[in-house]
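**Student:** Structure supplied as protein_5.json; contents: JSON, C-alpha atoms.
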```
[["chain", "number", "residue", "atom", "x", "y", "z"],
["K", 1, "MET", "CA", 20.40, 108.27, 99.15],
["K", 2, "LYS", "CA", 16.77, 108.17, 97.96],
["K", 3, "LYS", "CA", 17.95, 107.64, 94.39],
["K", 4, "GLU", "CA", 19.94, 104.55, 95.45],
["K", 5, "TYR", "CA", 16.84, 103.02, 97.05],
["K", 6, "ILE", "CA", 14.82, 103.64, 93.91],
["K", 7, "VAL", "CA", 17.48, 101.94, 91.75],
["K", 8, "LEU", "CA", 17.60, 99.04, 94.22],
["K", 9, "ALA", "CA", 13.80, 98.75, 94.20],
["K", 10, "TYR", "CA", 13.76, 98.67, 90.37],
["K", 11, "GLY", "CA", 16.45, 95.99, 90.44],
["K", 12, "VAL", "CA", 14.43, 93.83, 92.85],
["K", 13, "ILE", "CA", 11.29, 94.30, 90.74],
["K", 14, "ALA", "CA", 13.21, 93.33, 87.59],
["K", 15, "VAL", "CA", 14.47, 90.12, 89.23],
["K", 16, "ILE", "CA", 10.95, 89.23, 90.39],
["K", 17, "VAL", "CA", 9.54, 89.86, 86.90],
["K", 18, "ILE", "CA", 12.25, 87.66, 85.33],
["K", 19, "ILE", "CA", 11.50, 84.84, 87.78],
["K", 20, "PHE", "CA", 7.76, 85.02, 87.11],
["K", 21, "MET", "CA", 8.21, 85.26, 83.34],
["K", 22, "THR", "CA", 10.51, 82.25, 83.35],
["K", 23, "ALA", "CA", 7.93, 80.27, 85.34],
["K", 24, "ILE", "CA", 5.16, 81.29, 82.93],
["K", 25, "LEU", "CA", 7.24, 80.41, 79.86],
["K", 26, "LYS", "CA", 8.05, 76.99, 81.37],
["K", 27, "LYS", "CA", 4.35, 76.35, 82.05],
["K", 28, "LEU", "CA", 3.48, 77.30, 78.49],
["K", 29, "GLY", "CA", 6.20, 74.99, 77.19],
["K", 30, "ILE", "CA", 8.10, 77.81, 75.51],
["K", 31, "PHE", "CA", 11.10, 77.59, 77.82],
["K", 32, "LYS", "CA", 12.17, 74.03, 78.67],
["K", 33, "SER", "CA", 14.86, 72.68, 80.92],
["K", 34, "ALA", "CA", 17.21, 69.97, 79.66],
["K", 35, "ASP", "CA", 15.34, 67.38, 81.74],
["K", 36, "LYS", "CA", 12.01, 68.43, 80.26],
["K", 37, "LYS", "CA", 13.46, 68.23, 76.74],
["K", 38, "ASN", "CA", 14.74, 64.70, 77.45],
["K", 39, "GLN", "CA", 11.36, 63.72, 78.86],
["K", 40, "ASP", "CA", 9.62, 65.08, 75.76],
["K", 41, "VAL", "CA", 11.96, 63.05, 73.55],
["K", 42, "ALA", "CA", 11.20, 59.90, 75.57],
["K", 43, "THR", "CA", 7.44, 60.48, 75.41],
["K", 44, "LYS", "CA", 7.59, 61.04, 71.65],
["K", 45, "ALA", "CA", 9.78, 57.95, 71.17],
["K", 46, "LEU", "CA", 7.38, 55.79, 73.19],
["K", 47, "ASN", "CA", 4.46, 57.15, 71.23],
["K", 48, "GLU", "CA", 6.10, 56.38, 67.88],
["K", 49, "THR", "CA", 7.79, 53.05, 68.65],
["K", 50, "LYS", "CA", 6.77, 49.94, 66.74],
["K", 51, "TYR", "CA", 7.22, 47.67, 69.76],
["K", 52, "PHE", "CA", 3.74, 48.42, 71.15],
["K", 53, "ASP", "CA", 2.09, 47.23, 67.91],
["K", 54, "PRO", "CA", 0.31, 43.95, 68.78],
["K", 55, "SER", "CA", 1.31, 42.35, 65.48],
["K", 56, "TYR", "CA", 4.92, 43.57, 65.29],
["K", 57, "TYR", "CA", 6.44, 40.45, 66.85],
["K", 58, "LYS", "CA", 4.92, 38.33, 64.08],
["K", 59, "THR", "CA", 7.20, 40.10, 61.57],
["K", 60, "VAL", "CA", 10.43, 39.50, 63.52],
["K", 61, "ASP", "CA", 12.57, 36.44, 62.90],
["K", 62, "ALA", "CA", 14.51, 34.58, 65.58],
["K", 63, "PHE", "CA", 13.72, 36.23, 68.89],
["K", 64, "LYS", "CA", 13.15, 34.67, 72.31],
["K", 65, "PRO", "CA", 9.37, 34.72, 72.80],
["K", 66, "LEU", "CA", 7.61, 35.06, 76.13],
["K", 67, "GLY", "CA", 4.88, 32.61, 75.32],
["K", 68, "GLN", "CA", 1.17, 33.25, 75.57],
["K", 69, "ASN", "CA", 0.80, 32.51, 79.30],
["K", 70, "MET", "CA", 3.64, 34.78, 80.40],
["K", 71, "ALA", "CA", 2.62, 37.54, 77.97],
["K", 72, "ASN", "CA", -0.96, 37.33, 79.26],
["K", 73, "SER", "CA", 0.22, 37.48, 82.87],
["K", 74, "LEU", "CA", 2.37, 40.55, 82.15],
["K", 75, "ALA", "CA", -0.50, 42.20, 80.25],
["K", 76, "GLN", "CA", -2.72, 41.70, 83.29],
["K", 77, "LYS", "CA", -0.07, 43.30, 85.50],
["K", 78, "VAL", "CA", 0.12, 46.34, 83.22],
["K", 79, "LYS", "CA", -3.68, 46.66, 83.27],
["K", 80, "ALA", "CA", -3.76, 46.32, 87.07],
["K", 81, "ALA", "CA", -1.05, 49.00, 87.33],
["K", 82, "THR", "CA", -2.98, 51.46, 85.15],
["K", 83, "ARG", "CA", -6.52, 50.69, 86.31],
["K", 84, "GLY", "CA", -8.38, 53.19, 88.46],
["K", 85, "ALA", "CA", -7.08, 56.31, 90.12],
["K", 86, "GLY", "CA", -3.32, 56.48, 90.35],
["K", 87, "THR", "CA", -0.74, 54.36, 88.65],
["K", 88, "ASN", "CA", 1.60, 51.74, 90.04],
["K", 89, "GLU", "CA", 4.72, 52.77, 88.11],
["K", 90, "VAL", "CA", 6.89, 50.25, 89.94],
["K", 91, "MET", "CA", 4.69, 47.41, 88.67],
["K", 92, "ILE", "CA", 4.99, 48.72, 85.10],
["K", 93, "PHE", "CA", 8.77, 49.05, 85.44],
["K", 94, "ASP", "CA", 8.91, 45.49, 86.84],
["K", 95, "VAL", "CA", 7.00, 44.17, 83.82],
["K", 96, "PHE", "CA", 9.40, 45.80, 81.38],
["K", 97, "ASN", "CA", 12.43, 44.72, 83.42],
["K", 98, "SER", "CA", 11.24, 41.09, 83.31],
["K", 99, "ILE", "CA", 11.10, 40.66, 79.53],
["K", 100, "TYR", "CA", 13.86, 39.30, 77.31],
["K", 101, "ASN", "CA", 13.87, 41.84, 74.48],
["K", 102, "LYS", "CA", 12.06, 44.77, 72.85],
["K", 103, "THR", "CA", 10.06, 42.45, 70.61],
["K", 104, "ASN", "CA", 8.40, 40.93, 73.69],
["K", 105, "ILE", "CA", 6.58, 44.23, 74.22],
["K", 106, "SER", "CA", 4.53, 43.45, 71.11],
["K", 107, "GLU", "CA", 3.56, 40.04, 72.53],
["K", 108, "ILE", "CA", 2.32, 41.69, 75.72],
["K", 109, "ALA", "CA", 0.48, 44.36, 73.72],
["K", 110, "GLU", "CA", -1.30, 41.63, 71.74],
["K", 111, "GLN", "CA", -2.41, 39.81, 74.88],
["K", 112, "TYR", "CA", -3.49, 43.14, 76.38],
["K", 113, "TYR", "CA", -5.61, 43.82, 73.31],
["K", 114, "LEU", "CA", -7.13, 40.33, 73.31],
["K", 115, "GLU", "CA", -7.84, 40.37, 77.04],
["K", 116, "TYR", "CA", -9.44, 43.81, 77.15],
["K", 117, "SER", "CA", -11.28, 44.13, 73.82],
["K", 118, "GLY", "CA", -14.32, 42.10, 74.82],
["K", 119, "PHE", "CA", -17.95, 43.14, 74.90],
["K", 120, "PHE", "CA", -17.66, 45.27, 78.07],
["K", 121, "ALA", "CA", -14.42, 47.03, 77.09],
["K", 122, "GLY", "CA", -16.28, 50.01, 75.62],
["K", 123, "LEU", "CA", -18.60, 50.32, 78.63],
["K", 124, "VAL", "CA", -15.88, 50.95, 81.19],
["K", 125, "ALA", "CA", -13.36, 53.75, 81.35],
["K", 126, "THR", "CA", -10.53, 51.75, 79.86],
["K", 127, "THR", "CA", -8.94, 51.03, 76.52],
["K", 128, "ASN", "CA", -7.66, 47.87, 74.92],
["K", 129, "ASN", "CA", -4.45, 49.61, 73.87],
["K", 130, "MET", "CA", -1.54, 49.11, 76.26],
["K", 131, "LYS", "CA", 0.49, 52.00, 74.85],
["K", 132, "VAL", "CA", -2.40, 54.45, 75.22],
["K", 133, "ASP", "CA", -3.07, 53.36, 78.81],
["K", 134, "ILE", "CA", 0.60, 53.71, 79.76],
["K", 135, "LEU", "CA", 1.03, 57.07, 78.03],
["K", 136, "ASN", "CA", -2.14, 58.43, 79.65],
["K", 137, "ASP", "CA", -1.28, 57.24, 83.15],
["K", 138, "MET", "CA", 2.39, 58.08, 83.53],
["K", 139, "THR", "CA", 4.11, 61.45, 83.88],
["K", 140, "ASP", "CA", 6.79, 62.57, 81.45],
["K", 141, "SER", "CA", 9.43, 61.75, 84.05],
["K", 142, "GLU", "CA", 8.08, 58.22, 84.51],
["K", 143, "LEU", "CA", 7.84, 57.74, 80.74],
["K", 144, "SER", "CA", 11.47, 58.81, 80.50],
["K", 145, "GLN", "CA", 12.39, 56.10, 83.02],
["K", 146, "LEU", "CA", 10.34, 53.54, 81.07],
["K", 147, "TRP", "CA", 12.06, 54.53, 77.81],
["K", 148, "ALA", "CA", 15.45, 54.03, 79.48],
["K", 149, "ILE", "CA", 14.39, 50.51, 80.51],
["K", 150, "ILE", "CA", 13.18, 49.72, 76.99],
["K", 151, "ASN", "CA", 16.35, 51.12, 75.40],
["K", 152, "ALA", "CA", 18.46, 48.86, 77.63],
["K", 153, "LEU", "CA", 16.74, 45.77, 76.20],
["K", 154, "PRO", "CA", 18.23, 44.00, 73.19],
["K", 155, "GLU", "CA", 16.28, 44.18, 69.93],
["K", 156, "LYS", "CA", 15.83, 40.43, 69.99],
["K", 157, "THR", "CA", 17.55, 37.66, 71.89]]
```
Output the file's structure as structure tokens, nothing else.
**Tutor:**
Amino acid sequence: MKKEYIVLAYGVIAVIVIIFMTAILKKLGIFKSADKKNQDVATKALNETKYFDPSYYKTVDAFKPLGQNMANSLAQKVKAATRGAGTNEVMIFDVFNSIYNKTNISEIAEQYYLEYSGFFAGLVATTNNMKVDILNDMTDSELSQLWAIINALPEKT
């Protein structure tokens, strides 16, 4: 009977060790769930996309532009959403849901750069790069949602 308890105790210890090791490997990024892999793909795609380049839209023919006023307004909303402690993800999602096409992201990025690259930009804890601010403020899960919104947009309208 004692032998059975010892085997049972070793079994319980083995299960606990496996659970802890799995948690440690996930934290280290060695073992990733399918969701985490998808989030990593989305984060990498957002980081590498050309749409956040402020001059990209100037190279695209025949797309429906936002116009300077609307692009500036949307850039200000993105900045307001990422400014300070915490992020208003819903506001960022609303901005990206309100544009016509992927090329419009570049228009907003240009206005963001122009609006926030003035004399005091370097003195405050902010950047003039919309992509950097979004990537720094949102979690992988939120970036995955943002990438899904961007992917649903047409290339140009």
**Student:** Can you pull out every residue within 12 Å of K:Ser55, counting only C-alpha atoms, but drop anything in the same chain fewer than 4 positions away, and send it as a PyMOL selection string?
**Tutor:** chain K and resi 50-51+59-60+103-114
**Student:** In Å, with one decimal, what is the gap from atom CA of K:Met138 to atom CA of K:Pro154?
**Tutor:**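 Those two atoms sit 23.6 Å apart.
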**Student:** Name the residues in contact with stretch 86-99 of chain K at a cut-off of 10 Å, using all atoms listed in the file, excluding same-chain residues fewer than 4 positions from it; report them as a ChimeraX atom specification.
**Tutor:** /K:64-66,70-71,73-75,77-82,103-105,108,134,136-139,142-143,145-147,149-150,152-153
**Student:** Work out how far apart atom CA of K:Glu155 and atom CA of K:Glu115 are and give it in Å to one decimal.
**Tutor:**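 Spanning atom CA of K:Glu155 to atom CA of K:Glu115 is a straight-line distance of 25.4 Å.
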**Student:** Calculate how many Å separate atom CA of K:Met130 from atom CA of K:Ala45, rounding to one decimal.
**Tutor:** 15.2 Å
